[in-house]
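Novice: For reference, the file target.tsv (TSV, N, CA and C atoms) is included below:
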```
chain	number	residue	atom	x	y	z
M	82	MET	N	-24.84	101.48	-16.87
M	82	MET	CA	-25.20	100.17	-16.38
M	82	MET	C	-25.96	99.39	-17.45
M	83	CYS	N	-26.90	100.06	-18.11
M	83	CYS	CA	-27.69	99.40	-19.14
M	83	CYS	C	-26.79	98.98	-20.31
M	84	GLU	N	-25.82	99.84	-20.66
M	84	GLU	CA	-24.91	99.50	-21.74
M	84	GLU	C	-24.12	98.25	-21.41
M	85	LYS	N	-23.72	98.12	-20.16
M	85	LYS	CA	-22.97	96.94	-19.72
M	85	LYS	C	-23.84	95.69	-19.82
M	86	ALA	N	-25.10	95.80	-19.43
M	86	ALA	CA	-26.01	94.66	-19.52
M	86	ALA	C	-26.18	94.21	-20.97
M	87	VAL	N	-26.34	95.17	-21.88
M	87	VAL	CA	-26.47	94.83	-23.30
M	87	VAL	C	-25.21	94.14	-23.79
M	88	GLN	N	-24.05	94.66	-23.38
M	88	GLN	CA	-22.78	94.07	-23.81
M	88	GLN	C	-22.65	92.63	-23.31
M	89	VAL	N	-23.00	92.39	-22.06
M	89	VAL	CA	-22.91	91.04	-21.50
M	89	VAL	C	-23.85	90.09	-22.24
M	90	TYR	N	-25.11	90.52	-22.46
M	90	TYR	CA	-26.06	89.69	-23.20
M	90	TYR	C	-25.56	89.40	-24.61
M	91	ARG	N	-25.10	90.46	-25.29
M	91	ARG	CA	-24.66	90.30	-26.68
M	91	ARG	C	-23.43	89.40	-26.76
M	92	ASP	N	-22.44	89.65	-25.89
M	92	ASP	CA	-21.20	88.86	-25.92
M	92	ASP	C	-21.44	87.39	-25.62
M	93	SER	N	-22.46	87.11	-24.82
M	93	SER	CA	-22.75	85.71	-24.47
M	93	SER	C	-23.64	85.04	-25.53
M	94	GLY	N	-24.10	85.84	-26.50
M	94	GLY	CA	-24.97	85.28	-27.54
M	94	GLY	C	-26.39	85.03	-27.04
M	95	HIS	N	-26.74	85.63	-25.93
M	95	HIS	CA	-28.06	85.43	-25.34
M	95	HIS	C	-29.14	86.01	-26.25
M	96	ILE	N	-30.21	85.28	-26.38
M	96	ILE	CA	-31.30	85.69	-27.28
M	96	ILE	C	-32.00	86.97	-26.80
M	97	ALA	N	-31.83	87.34	-25.53
M	97	ALA	CA	-32.52	88.51	-24.98
M	97	ALA	C	-31.76	89.82	-25.19
M	98	TRP	N	-30.60	89.80	-25.86
M	98	TRP	CA	-29.85	91.05	-25.97
M	98	TRP	C	-30.64	92.13	-26.71
M	99	PRO	N	-31.43	91.80	-27.74
M	99	PRO	CA	-32.20	92.88	-28.37
M	99	PRO	C	-33.22	93.51	-27.41
M	100	ARG	N	-33.78	92.70	-26.53
M	100	ARG	CA	-34.74	93.24	-25.56
M	100	ARG	C	-34.05	94.21	-24.61
M	101	ALA	N	-32.89	93.82	-24.10
M	101	ALA	CA	-32.12	94.72	-23.24
M	101	ALA	C	-31.72	95.96	-24.03
M	102	GLY	N	-31.41	95.76	-25.29
M	102	GLY	CA	-31.03	96.88	-26.15
M	102	GLY	C	-32.15	97.88	-26.34
M	103	THR	N	-33.38	97.40	-26.31
M	103	THR	CA	-34.53	98.30	-26.45
M	103	THR	C	-34.57	99.29	-25.29
M	104	PHE	N	-34.26	98.82	-24.09
M	104	PHE	CA	-34.22	99.73	-22.94
M	104	PHE	C	-33.11	100.76	-23.10
M	105	LEU	N	-31.96	100.32	-23.59
M	105	LEU	CA	-30.85	101.24	-23.80
M	105	LEU	C	-31.20	102.28	-24.87
M	106	ALA	N	-31.84	101.84	-25.93
M	106	ALA	CA	-32.23	102.77	-26.99
M	106	ALA	C	-33.22	103.81	-26.47
M	107	ASP	N	-34.12	103.40	-25.60
M	107	ASP	CA	-35.06	104.35	-25.00
M	107	ASP	C	-34.31	105.41	-24.20
M	108	ILE	N	-33.24	105.00	-23.53
M	108	ILE	CA	-32.42	105.95	-22.78
M	108	ILE	C	-31.76	106.94	-23.74
M	109	PHE	N	-31.26	106.44	-24.88
M	109	PHE	CA	-30.66	107.33	-25.88
M	109	PHE	C	-31.69	108.38	-26.34
M	110	LEU	N	-32.92	107.94	-26.55
M	110	LEU	CA	-33.96	108.87	-27.00
M	110	LEU	C	-34.24	109.93	-25.94
M	111	VAL	N	-34.32	109.53	-24.69
M	111	VAL	CA	-34.56	110.49	-23.61
M	111	VAL	C	-33.42	111.50	-23.53
M	112	ARG	N	-32.21	111.03	-23.76
M	112	ARG	CA	-31.04	111.91	-23.74
M	112	ARG	C	-30.92	112.76	-25.01
M	113	LYS	N	-31.84	112.55	-25.94
M	113	LYS	CA	-31.84	113.24	-27.24
M	113	LYS	C	-30.62	112.87	-28.08
M	114	GLU	N	-30.14	111.66	-27.89
M	114	GLU	CA	-29.04	111.12	-28.70
M	114	GLU	C	-29.68	110.33	-29.85
M	115	TYR	N	-30.36	111.06	-30.73
M	115	TYR	CA	-31.19	110.44	-31.76
M	115	TYR	C	-30.39	109.63	-32.78
M	116	SER	N	-29.25	110.12	-33.20
M	116	SER	CA	-28.44	109.37	-34.17
M	116	SER	C	-27.95	108.07	-33.56
M	117	ARG	N	-27.51	108.13	-32.33
M	117	ARG	CA	-27.04	106.93	-31.64
M	117	ARG	C	-28.19	105.93	-31.47
M	118	ALA	N	-29.35	106.44	-31.10
M	118	ALA	CA	-30.53	105.58	-30.94
M	118	ALA	C	-30.89	104.94	-32.27
M	119	LYS	N	-30.90	105.72	-33.34
M	119	LYS	CA	-31.26	105.22	-34.68
M	119	LYS	C	-30.34	104.08	-35.09
M	120	GLU	N	-29.04	104.30	-34.99
M	120	GLU	CA	-28.08	103.26	-35.39
M	120	GLU	C	-28.25	102.00	-34.57
M	121	PHE	N	-28.43	102.15	-33.27
M	121	PHE	CA	-28.57	100.99	-32.40
M	121	PHE	C	-29.89	100.26	-32.66
M	122	LEU	N	-30.95	101.01	-32.86
M	122	LEU	CA	-32.26	100.39	-33.12
M	122	LEU	C	-32.28	99.68	-34.47
M	123	GLU	N	-31.61	100.23	-35.46
M	123	GLU	CA	-31.51	99.53	-36.75
M	123	GLU	C	-30.80	98.19	-36.57
M	124	GLU	N	-29.78	98.16	-35.72
M	124	GLU	CA	-29.08	96.91	-35.42
M	124	GLU	C	-30.01	95.92	-34.71
M	125	ILE	N	-30.80	96.41	-33.78
M	125	ILE	CA	-31.73	95.54	-33.05
M	125	ILE	C	-32.79	94.97	-33.99
M	126	VAL	N	-33.33	95.80	-34.87
M	126	VAL	CA	-34.34	95.34	-35.82
M	126	VAL	C	-33.74	94.25	-36.72
M	127	ARG	N	-32.50	94.45	-37.18
M	127	ARG	CA	-31.83	93.42	-38.00
M	127	ARG	C	-31.65	92.14	-37.20
M	128	ALA	N	-31.27	92.28	-35.92
M	128	ALA	CA	-31.08	91.09	-35.07
M	128	ALA	C	-32.39	90.34	-34.89
M	129	HIS	N	-33.49	91.07	-34.70
M	129	HIS	CA	-34.79	90.41	-34.59
M	129	HIS	C	-35.10	89.63	-35.86
M	130	ASP	N	-34.82	90.23	-37.01
M	130	ASP	CA	-35.06	89.54	-38.27
M	130	ASP	C	-34.15	88.32	-38.41
M	131	ASP	N	-32.87	88.49	-38.11
M	131	ASP	CA	-31.90	87.39	-38.24
M	131	ASP	C	-32.21	86.23	-37.31
M	132	MET	N	-32.71	86.53	-36.11
M	132	MET	CA	-33.00	85.48	-35.13
M	132	MET	C	-34.46	85.02	-35.19
M	133	SER	N	-35.18	85.50	-36.20
M	133	SER	CA	-36.61	85.16	-36.36
M	133	SER	C	-37.42	85.48	-35.11
M	134	LEU	N	-37.10	86.59	-34.48
M	134	LEU	CA	-37.84	87.03	-33.29
M	134	LEU	C	-38.93	88.02	-33.66
M	135	ASN	N	-39.10	88.28	-34.95
M	135	ASN	CA	-40.03	89.31	-35.38
M	135	ASN	C	-41.48	88.88	-35.39
M	136	VAL	N	-41.79	87.69	-34.88
M	136	VAL	CA	-43.19	87.26	-34.82
M	136	VAL	C	-43.84	87.67	-33.50
M	137	SER	N	-43.05	88.03	-32.52
M	137	SER	CA	-43.57	88.43	-31.22
M	137	SER	C	-43.96	89.90	-31.25
M	138	PRO	N	-45.08	90.26	-30.61
M	138	PRO	CA	-45.42	91.69	-30.53
M	138	PRO	C	-44.30	92.51	-29.90
M	139	GLY	N	-43.52	91.91	-29.01
M	139	GLY	CA	-42.41	92.61	-28.39
M	139	GLY	C	-41.33	93.01	-29.38
M	140	ALA	N	-41.26	92.30	-30.49
M	140	ALA	CA	-40.26	92.63	-31.52
M	140	ALA	C	-40.59	93.93	-32.22
M	141	TYR	N	-41.82	94.41	-32.06
M	141	TYR	CA	-42.21	95.65	-32.70
M	141	TYR	C	-41.78	96.87	-31.90
M	142	HIS	N	-41.43	96.70	-30.64
M	142	HIS	CA	-41.05	97.83	-29.81
M	142	HIS	C	-39.83	98.57	-30.37
M	143	PRO	N	-38.77	97.85	-30.78
M	143	PRO	CA	-37.64	98.59	-31.36
M	143	PRO	C	-38.02	99.34	-32.62
M	144	ARG	N	-38.94	98.79	-33.41
M	144	ARG	CA	-39.37	99.50	-34.61
M	144	ARG	C	-40.12	100.77	-34.25
M	145	ALA	N	-40.92	100.72	-33.19
M	145	ALA	CA	-41.63	101.92	-32.75
M	145	ALA	C	-40.65	102.98	-32.27
M	146	LEU	N	-39.65	102.56	-31.52
M	146	LEU	CA	-38.63	103.51	-31.06
M	146	LEU	C	-37.82	104.04	-32.24
M	147	LEU	N	-37.56	103.18	-33.22
M	147	LEU	CA	-36.83	103.61	-34.41
M	147	LEU	C	-37.61	104.71	-35.14
M	148	ALA	N	-38.91	104.56	-35.19
M	148	ALA	CA	-39.75	105.60	-35.82
M	148	ALA	C	-39.59	106.92	-35.08
M	149	GLU	N	-39.53	106.87	-33.77
M	149	GLU	CA	-39.35	108.10	-32.99
M	149	GLU	C	-37.98	108.72	-33.27
M	150	ALA	N	-36.96	107.88	-33.39
M	150	ALA	CA	-35.62	108.40	-33.71
M	150	ALA	C	-35.63	109.04	-35.10
M	151	TYR	N	-36.25	108.37	-36.08
M	151	TYR	CA	-36.35	108.94	-37.43
M	151	TYR	C	-37.03	110.30	-37.40
M	152	ALA	N	-38.13	110.38	-36.69
M	152	ALA	CA	-38.89	111.64	-36.63
M	152	ALA	C	-38.04	112.76	-36.03
M	153	ASN	N	-37.33	112.44	-34.98
M	153	ASN	CA	-36.51	113.45	-34.32
M	153	ASN	C	-35.29	113.85	-35.15
M	154	LEU	N	-34.94	113.01	-36.12
M	154	LEU	CA	-33.85	113.34	-37.04
M	154	LEU	C	-34.37	113.98	-38.32
M	155	GLY	N	-35.70	114.21	-38.39
M	155	GLY	CA	-36.29	114.89	-39.53
M	155	GLY	C	-36.91	114.00	-40.59
M	156	ASN	N	-36.84	112.70	-40.42
M	156	ASN	CA	-37.42	111.78	-41.40
M	156	ASN	C	-38.84	111.40	-40.95
M	157	VAL	N	-39.72	112.38	-40.97
M	157	VAL	CA	-41.08	112.24	-40.44
M	157	VAL	C	-41.91	111.25	-41.27
M	158	GLU	N	-41.76	111.26	-42.57
M	158	GLU	CA	-42.56	110.36	-43.41
M	158	GLU	C	-42.26	108.90	-43.11
M	159	SER	N	-40.99	108.55	-42.96
M	159	SER	CA	-40.64	107.17	-42.61
M	159	SER	C	-41.19	106.81	-41.24
M	160	ALA	N	-41.10	107.75	-40.31
M	160	ALA	CA	-41.61	107.51	-38.96
M	160	ALA	C	-43.11	107.23	-38.99
M	161	LYS	N	-43.86	108.05	-39.72
M	161	LYS	CA	-45.31	107.84	-39.84
M	161	LYS	C	-45.61	106.48	-40.44
M	162	GLN	N	-44.91	106.15	-41.49
M	162	GLN	CA	-45.14	104.88	-42.19
M	162	GLN	C	-44.89	103.69	-41.25
M	163	ILE	N	-43.80	103.73	-40.51
M	163	ILE	CA	-43.49	102.64	-39.57
M	163	ILE	C	-44.58	102.53	-38.51
M	164	LEU	N	-44.95	103.66	-37.90
M	164	LEU	CA	-45.94	103.62	-36.81
M	164	LEU	C	-47.31	103.16	-37.30
M	165	LYS	N	-47.71	103.61	-38.47
M	165	LYS	CA	-49.00	103.16	-39.01
M	165	LYS	C	-48.98	101.67	-39.30
M	166	GLN	N	-47.87	101.18	-39.83
M	166	GLN	CA	-47.74	99.75	-40.09
M	166	GLN	C	-47.80	98.96	-38.78
M	167	LEU	N	-47.11	99.46	-37.76
M	167	LEU	CA	-47.12	98.79	-36.47
M	167	LEU	C	-48.52	98.77	-35.87
M	168	LEU	N	-49.22	99.89	-35.94
M	168	LEU	CA	-50.58	99.93	-35.40
M	168	LEU	C	-51.47	98.90	-36.08
M	169	GLU	N	-51.32	98.77	-37.39
M	169	GLU	CA	-52.12	97.78	-38.13
M	169	GLU	C	-51.75	96.36	-37.71
M	170	GLU	N	-50.45	96.09	-37.58
M	170	GLU	CA	-50.01	94.75	-37.17
M	170	GLU	C	-50.47	94.44	-35.75
M	171	TRP	N	-50.39	95.42	-34.85
M	171	TRP	CA	-50.83	95.20	-33.48
M	171	TRP	C	-52.32	94.95	-33.43
M	172	LYS	N	-53.06	95.66	-34.25
M	172	LYS	CA	-54.52	95.47	-34.31
M	172	LYS	C	-54.84	94.05	-34.77
M	173	GLU	N	-54.15	93.59	-35.81
M	173	GLU	CA	-54.36	92.23	-36.33
M	173	GLU	C	-54.01	91.18	-35.28
M	174	LYS	N	-53.03	91.46	-34.43
M	174	LYS	CA	-52.61	90.51	-33.40
M	174	LYS	C	-53.48	90.61	-32.13
M	175	GLY	N	-54.43	91.55	-32.15
M	175	GLY	CA	-55.37	91.66	-31.04
M	175	GLY	C	-54.84	92.43	-29.84
M	176	MET	N	-53.82	93.26	-30.04
M	176	MET	CA	-53.34	94.06	-28.91
M	176	MET	C	-54.41	95.08	-28.55
M	177	HIS	N	-54.65	95.23	-27.28
M	177	HIS	CA	-55.67	96.15	-26.78
M	177	HIS	C	-55.34	97.57	-27.20
M	178	SER	N	-56.35	98.35	-27.51
M	178	SER	CA	-56.16	99.72	-27.98
M	178	SER	C	-55.51	100.63	-26.94
M	179	GLU	N	-55.53	100.23	-25.68
M	179	GLU	CA	-54.91	101.05	-24.64
M	179	GLU	C	-53.58	100.46	-24.16
M	180	HIS	N	-53.08	99.45	-24.88
M	180	HIS	CA	-51.76	98.89	-24.55
M	180	HIS	C	-50.73	100.01	-24.64
M	181	TYR	N	-49.72	99.97	-23.80
M	181	TYR	CA	-48.72	101.03	-23.73
M	181	TYR	C	-48.16	101.40	-25.10
M	182	TRP	N	-47.71	100.41	-25.87
M	182	TRP	CA	-47.06	100.71	-27.15
M	182	TRP	C	-48.05	101.24	-28.18
M	183	VAL	N	-49.27	100.76	-28.15
M	183	VAL	CA	-50.30	101.27	-29.05
M	183	VAL	C	-50.59	102.74	-28.72
M	184	ALA	N	-50.77	103.01	-27.43
M	184	ALA	CA	-51.05	104.39	-27.00
M	184	ALA	C	-49.86	105.30	-27.30
M	185	ARG	N	-48.67	104.80	-27.08
M	185	ARG	CA	-47.47	105.61	-27.35
M	185	ARG	C	-47.36	105.94	-28.84
M	186	ALA	N	-47.59	104.95	-29.69
M	186	ALA	CA	-47.52	105.18	-31.14
M	186	ALA	C	-48.58	106.18	-31.59
M	187	ARG	N	-49.80	106.02	-31.08
M	187	ARG	CA	-50.87	106.96	-31.45
M	187	ARG	C	-50.54	108.38	-30.98
M	188	ALA	N	-50.02	108.50	-29.77
M	188	ALA	CA	-49.67	109.82	-29.25
M	188	ALA	C	-48.56	110.44	-30.08
M	189	PHE	N	-47.61	109.64	-30.49
M	189	PHE	CA	-46.52	110.18	-31.29
M	189	PHE	C	-47.02	110.61	-32.66
M	190	ILE	N	-47.92	109.84	-33.26
M	190	ILE	CA	-48.53	110.26	-34.52
M	190	ILE	C	-49.29	111.56	-34.32
M	191	GLY	N	-49.94	111.70	-33.17
M	191	GLY	CA	-50.65	112.94	-32.85
M	191	GLY	C	-49.73	114.15	-32.82
M	192	THR	N	-48.48	113.95	-32.39
M	192	THR	CA	-47.55	115.08	-32.39
M	192	THR	C	-47.21	115.49	-33.81
M	193	PHE	N	-47.21	114.54	-34.75
M	193	PHE	CA	-46.98	114.90	-36.15
M	193	PHE	C	-48.09	115.82	-36.63
M	194	LYS	N	-49.33	115.46	-36.30
M	194	LYS	CA	-50.47	116.27	-36.72
M	194	LYS	C	-50.37	117.67	-36.12
M	195	SER	N	-49.99	117.75	-34.85
M	195	SER	CA	-49.84	119.05	-34.20
M	195	SER	C	-48.78	119.89	-34.89
M	196	ARG	N	-47.65	119.25	-35.23
M	196	ARG	CA	-46.57	119.97	-35.91
M	196	ARG	C	-47.04	120.45	-37.27
M	197	GLU	N	-47.77	119.59	-38.01
M	197	GLU	CA	-48.26	119.98	-39.33
M	197	GLU	C	-49.22	121.15	-39.23
M	198	GLU	N	-50.09	121.14	-38.22
M	198	GLU	CA	-51.04	122.23	-38.03
M	198	GLU	C	-50.30	123.53	-37.72
M	199	GLU	N	-49.24	123.46	-36.91
M	199	GLU	CA	-48.45	124.65	-36.58
M	199	GLU	C	-47.81	125.22	-37.84
M	200	VAL	N	-47.30	124.35	-38.70
M	200	VAL	CA	-46.66	124.80	-39.94
M	200	VAL	C	-47.68	125.49	-40.84
M	201	VAL	N	-48.87	124.90	-40.95
M	201	VAL	CA	-49.92	125.50	-41.78
M	201	VAL	C	-50.34	126.85	-41.21
M	202	GLU	N	-50.53	126.92	-39.89
M	202	GLU	CA	-50.93	128.19	-39.27
M	202	GLU	C	-49.84	129.24	-39.45
M	203	PHE	N	-48.58	128.85	-39.30
M	203	PHE	CA	-47.48	129.79	-39.49
M	203	PHE	C	-47.47	130.30	-40.93
M	204	ALA	N	-47.64	129.37	-41.86
M	204	ALA	CA	-47.65	129.77	-43.28
M	204	ALA	C	-48.80	130.71	-43.58
M	205	ARG	N	-49.96	130.45	-43.01
M	205	ARG	CA	-51.12	131.33	-43.22
M	205	ARG	C	-50.83	132.71	-42.67
M	206	GLY	N	-50.17	132.77	-41.53
M	206	GLY	CA	-49.85	134.04	-40.90
M	206	GLY	C	-48.87	134.87	-41.73
M	207	GLN	N	-48.13	134.20	-42.62
M	207	GLN	CA	-47.15	134.90	-43.43
M	207	GLN	C	-47.76	135.45	-44.73
M	208	VAL	N	-48.99	135.04	-45.05
M	208	VAL	CA	-49.62	135.50	-46.28
M	208	VAL	C	-50.17	136.91	-46.02
M	209	PRO	N	-49.75	137.88	-46.80
M	209	PRO	CA	-50.24	139.24	-46.59
M	209	PRO	C	-51.74	139.34	-46.86
M	210	SER	N	-52.42	140.09	-46.03
M	210	SER	CA	-53.86	140.31	-46.22
M	210	SER	C	-54.08	141.31	-47.32
M	211	LEU	N	-55.14	141.10	-48.10
M	211	LEU	CA	-55.46	142.04	-49.18
M	211	LEU	C	-56.58	142.95	-48.78
```
Mind converting the file's structure to structure tokens?

Specialist:
Amino acid sequence: MCEKAVQVYRDSGHIAWPRAGTFLADIFLVRKEYSRAKEFLEEIVRAHDDMSLNVSPGAYHPRALLAEAYANLGNVESAKQILKQLLEEWKEKGMHSEHYWVARARAFIGTFKSREEEVVEFARGQVPSL
């Protein structure tokens, strides 16, 4: 149903198609269709840029989801960079620290730290004791 809504918005040239697309991309992420989400989100980010919609805080949502897709596809450094940039931009725009997207980005960055700690602990466990 969501795919149909995006298609109707896009085919009609409606300015809201990227917004509807953000919901569809979130569904792809939940389904663990990370490559599909990545490709679609990259298209949405380009559309935001092309339509000059990138000044709205809402235009950052697809970039945040794109970071999640990158991370799940193994491109953790790009994901971190995007999320940190978004957090800084949101802070400059005065978004509340407990806003959904701010909290979601921070939580996702927190999972990176947890993963890094697990890797370090695993590596330490592999070092033979003397």

Novice: Among chain M, which ones does DSSP assign to helix (DSSP H, G or I) (computed from the backbone)? Answer as an NGL selection string.

Specialist: :M and (83-93 or 98-111 or 115-131 or 138-153 or 157-173 or 181-207)

Novice: Produce the centre coordinates and the three edge lengths, each in Å to one decimal, of the box along x, y and z that contains all listed atoms of segment 180-187 of chain M with 4 Å added on each side, as JSON.

Specialist:
```
{"center_x": -50.1, "center_y": 103.6, "center_z": -27.7, "size_x": 14.0, "size_y": 17.5, "size_z": 15.9}
```

Novice: Just to confirm, what's the straight-line distance from atom CA of Cys83 of chain M to atom CA of Gly102 of chain M in Å (one decimal)?

Specialist: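 Atom CA of Gly102 of chain M lies 8.2 Å from atom CA of Cys83 of chain M.
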
Novice: So what do you get for atom N of Leu154 of chain M versus atom N of Ala118 of chain M, distance-wise?

Specialist: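 These atoms are spaced 10.0 Å apart.
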
Novice: Need the shell around Pro99 of chain M: protein/DNA/RNA residues with any atom at most 9 Å away, counting only C-alpha atoms. Skip same-chain ones fewer than 5 positions apart. Format as a short mmCIF file (atom, residue, chain, number, x, y, z; two decimals) with N, CA and C atoms, in the frame of the given file?

Specialist:
```
data_model
loop_
_atom_site.label_atom_id
_atom_site.label_comp_id
_atom_site.auth_asym_id
_atom_site.auth_seq_id
_atom_site.Cartn_x
_atom_site.Cartn_y
_atom_site.Cartn_z
N VAL M 87 -26.34 95.17 -21.88
CA VAL M 87 -26.47 94.83 -23.30
C VAL M 87 -25.21 94.14 -23.79
N TYR M 90 -25.11 90.52 -22.46
CA TYR M 90 -26.06 89.69 -23.20
C TYR M 90 -25.56 89.40 -24.61
N ARG M 91 -25.10 90.46 -25.29
CA ARG M 91 -24.66 90.30 -26.68
C ARG M 91 -23.43 89.40 -26.76
N PHE M 104 -34.26 98.82 -24.09
CA PHE M 104 -34.22 99.73 -22.94
C PHE M 104 -33.11 100.76 -23.10
N LEU M 122 -30.95 101.01 -32.86
CA LEU M 122 -32.26 100.39 -33.12
C LEU M 122 -32.28 99.68 -34.47
N GLU M 124 -29.78 98.16 -35.72
CA GLU M 124 -29.08 96.91 -35.42
C GLU M 124 -30.01 95.92 -34.71
N ILE M 125 -30.80 96.41 -33.78
CA ILE M 125 -31.73 95.54 -33.05
C ILE M 125 -32.79 94.97 -33.99
N VAL M 126 -33.33 95.80 -34.87
CA VAL M 126 -34.34 95.34 -35.82
C VAL M 126 -33.74 94.25 -36.72
N ALA M 128 -31.27 92.28 -35.92
CA ALA M 128 -31.08 91.09 -35.07
C ALA M 128 -32.39 90.34 -34.89
N HIS M 129 -33.49 91.07 -34.70
CA HIS M 129 -34.79 90.41 -34.59
C HIS M 129 -35.10 89.63 -35.86
N ALA M 140 -41.26 92.30 -30.49
CA ALA M 140 -40.26 92.63 -31.52
C ALA M 140 -40.59 93.93 -32.22
N PRO M 143 -38.77 97.85 -30.78
CA PRO M 143 -37.64 98.59 -31.36
C PRO M 143 -38.02 99.34 -32.62
#
```

Novice: Residues at most 12 Å from Leu105 of chain M, counting only C-alpha atoms, excluding those fewer than 2 positions away in the same chain, as a ChimeraX atom specification?

Specialist: /M:82-88,98-103,107-112,114,117-119,121-122,125,143,146

Novice: Counting only C-alpha atoms, which of M:His142, M:Ala148, M:Glu170, M:Glu158 gets nearest to Trp182 of chain M?

Specialist: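 Nearest candidate to Trp182 of chain M out of M:His142, M:Ala148, M:Glu170, M:Glu158: M:His142.
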
Novice: Which distance in Å separates atom N of Ala145 of chain M and atom N of Ala160 of chain M, to one decimal?

Specialist: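 Distance reported for this atom pair: 10.0 Å.
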
Novice: Considering all atoms listed in the file, can you say which of M:Ser133, M:Gln166, M:Ser93, M:Asn153 comes closest to Tyr115 of chain M?

Specialist: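 That would be M:Asn153, the residue with the smallest distance to Tyr115 of chain M.
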
Novice: Residues around (-31.6, 85.7, -30.6), cut-off 7 Å, counting only C-alpha atoms - what are they as a PDB file with N, CA and C atoms, in the coordinates of the input?

Specialist:
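As written to disk, selection.pdb reads:
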```pdb
ATOM      1  N   HIS M  95     -26.740  85.630 -25.930  1.00  0.00           N
ATOM      2  CA  HIS M  95     -28.060  85.430 -25.340  1.00  0.00           C
ATOM      3  C   HIS M  95     -29.140  86.010 -26.250  1.00  0.00           C
ATOM      4  N   ILE M  96     -30.210  85.280 -26.380  1.00  0.00           N
ATOM      5  CA  ILE M  96     -31.300  85.690 -27.280  1.00  0.00           C
ATOM      6  C   ILE M  96     -32.000  86.970 -26.800  1.00  0.00           C
ATOM      7  N   ALA M  97     -31.830  87.340 -25.530  1.00  0.00           N
ATOM      8  CA  ALA M  97     -32.520  88.510 -24.980  1.00  0.00           C
ATOM      9  C   ALA M  97     -31.760  89.820 -25.190  1.00  0.00           C
ATOM     10  N   HIS M 129     -33.490  91.070 -34.700  1.00  0.00           N
ATOM     11  CA  HIS M 129     -34.790  90.410 -34.590  1.00  0.00           C
ATOM     12  C   HIS M 129     -35.100  89.630 -35.860  1.00  0.00           C
ATOM     13  N   MET M 132     -32.710  86.530 -36.110  1.00  0.00           N
ATOM     14  CA  MET M 132     -33.000  85.480 -35.130  1.00  0.00           C
ATOM     15  C   MET M 132     -34.460  85.020 -35.190  1.00  0.00           C
ATOM     16  N   LEU M 134     -37.100  86.590 -34.480  1.00  0.00           N
ATOM     17  CA  LEU M 134     -37.840  87.030 -33.290  1.00  0.00           C
ATOM     18  C   LEU M 134     -38.930  88.020 -33.660  1.00  0.00           C
TER      19      LEU M 134
END
```

Novice: So which residues touch Ala186 of chain M within 8 Å, counting only N, CA and C atoms, skipping near sequence neighbours fewer than 3 positions away, as a count of residues only?

Specialist: 12
